[in-house]
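Encoded as structure tokens, the structure appears first; notes follow it.
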Amino acid sequence: MVTSTSAGFAIQPVPTTFIVNVIQVHPGKQDEAFEIIQDVVHYVAERKEGFLWSSLAKSTDGLTVVNIEAIQGADNVGEFFSDPVFVEKFARLDTVSTSEFHTYKVDDLVLPKRTASEDAR
């Protein structure tokens, strides 16, 4: 099955649900934590229809990793956690970090309001 997806921004907010996972890494474990959450996200991206996209980032101070993930709806979280392979992969984060995630729904999309002449300054 070939699936074509594209990420982008819309002028008006769309009913997107986000998972924001903040991972507080143990000293010297940022790269390992990043690799673990990267493995988790790639697993979900390859198998779960509710997954839309993810942005993974390491803090410049070496203390955190963040996963900002767009999913179709809050029900997808339960679907992900009902998969024993996902749970096993996700649990590996506990060996190198503490983490928490929250689910958010888009209520407002704010875009720049500069004009072309303002940008030229």
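Ligands are numbered from 1 in the order shown, residues from 1 within each chain, and chains are lettered A, B, ... in the order they appear in the structure tokens.
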
Which residues, written as an mmCIF file with N, CA and C atoms, in the first residue's frame, have at least one atom at most 9 Å from A:His26, with only C-alpha atoms counted and residues fewer than 3 positions away on the same chain left out?
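Final file, selection_13.cif:
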```cif
data_model
loop_
_atom_site.group_PDB
_atom_site.id
_atom_site.type_symbol
_atom_site.label_atom_id
_atom_site.label_comp_id
_atom_site.auth_asym_id
_atom_site.auth_seq_id
_atom_site.Cartn_x
_atom_site.Cartn_y
_atom_site.Cartn_z
ATOM 1 N N LYS A 29 22.262 11.392 28.726
ATOM 2 C CA LYS A 29 21.418 10.419 28.022
ATOM 3 C C LYS A 29 20.531 11.035 26.943
ATOM 4 N N GLN A 30 20.802 12.282 26.541
ATOM 5 C CA GLN A 30 19.922 12.928 25.571
ATOM 6 C C GLN A 30 19.895 12.187 24.239
ATOM 7 N N ALA A 33 17.912 8.958 24.604
ATOM 8 C CA ALA A 33 16.475 9.235 24.710
ATOM 9 C C ALA A 33 15.900 9.623 23.347
ATOM 10 N N LEU A 63 19.252 18.781 28.124
ATOM 11 C CA LEU A 63 18.423 18.306 29.235
ATOM 12 C C LEU A 63 17.096 17.670 28.826
ATOM 13 N N THR A 64 16.611 17.979 27.625
ATOM 14 C CA THR A 64 15.295 17.465 27.228
ATOM 15 C C THR A 64 15.266 17.049 25.763
ATOM 16 N N THR A 95 14.227 4.141 31.181
ATOM 17 C CA THR A 95 15.600 3.773 31.551
ATOM 18 C C THR A 95 16.568 4.953 31.414
ATOM 19 N N VAL A 96 16.167 5.982 30.674
ATOM 20 C CA VAL A 96 17.079 7.111 30.418
ATOM 21 C C VAL A 96 16.461 8.464 30.739
ATOM 22 N N SER A 97 15.225 8.472 31.250
ATOM 23 C CA SER A 97 14.539 9.757 31.424
ATOM 24 C C SER A 97 13.298 9.611 32.282
ATOM 25 N N THR A 98 12.715 10.762 32.578
ATOM 26 C CA THR A 98 11.334 10.814 33.035
ATOM 27 C C THR A 98 10.602 11.595 31.951
#
```

Residue with smallest distance to A:Asn21 - pool A:Leu52, A:Val44, A:Ile36, A:Val65, counting only C-alpha atoms = A:Val65

inquiry  = Ranking A:Glu79, A:Asp39, A:Glu100, A:Glu46 by minimum distance to A:Val66 and counting only C-alpha atoms, which one comes first?
reply    =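 That would be A:Glu100, the residue with the smallest distance to A:Val66.
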
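Using only C-alpha atoms for every distance, the candidate list A:Lys89, A:Arg47, A:Lys105, A:His42 yields A:Lys105 as the residue closest to A:Ala70.
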
message = List the spatial neighbours of A:Ala45 as a ChimeraX atom specification - criterion: any atom at most 12 Å away, only C-alpha atoms, same-chain residues fewer than 3 positions off excluded.
response = /A:3,5,38-42,48-55,69-71,80,86

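Of the residues under consideration (A:Thr115, A:Asn67, A:Ser99, A:Ser59), A:Asn67 shows the shortest atom-to-atom contact distance to A:Phe18 when counting only C-alpha atoms.
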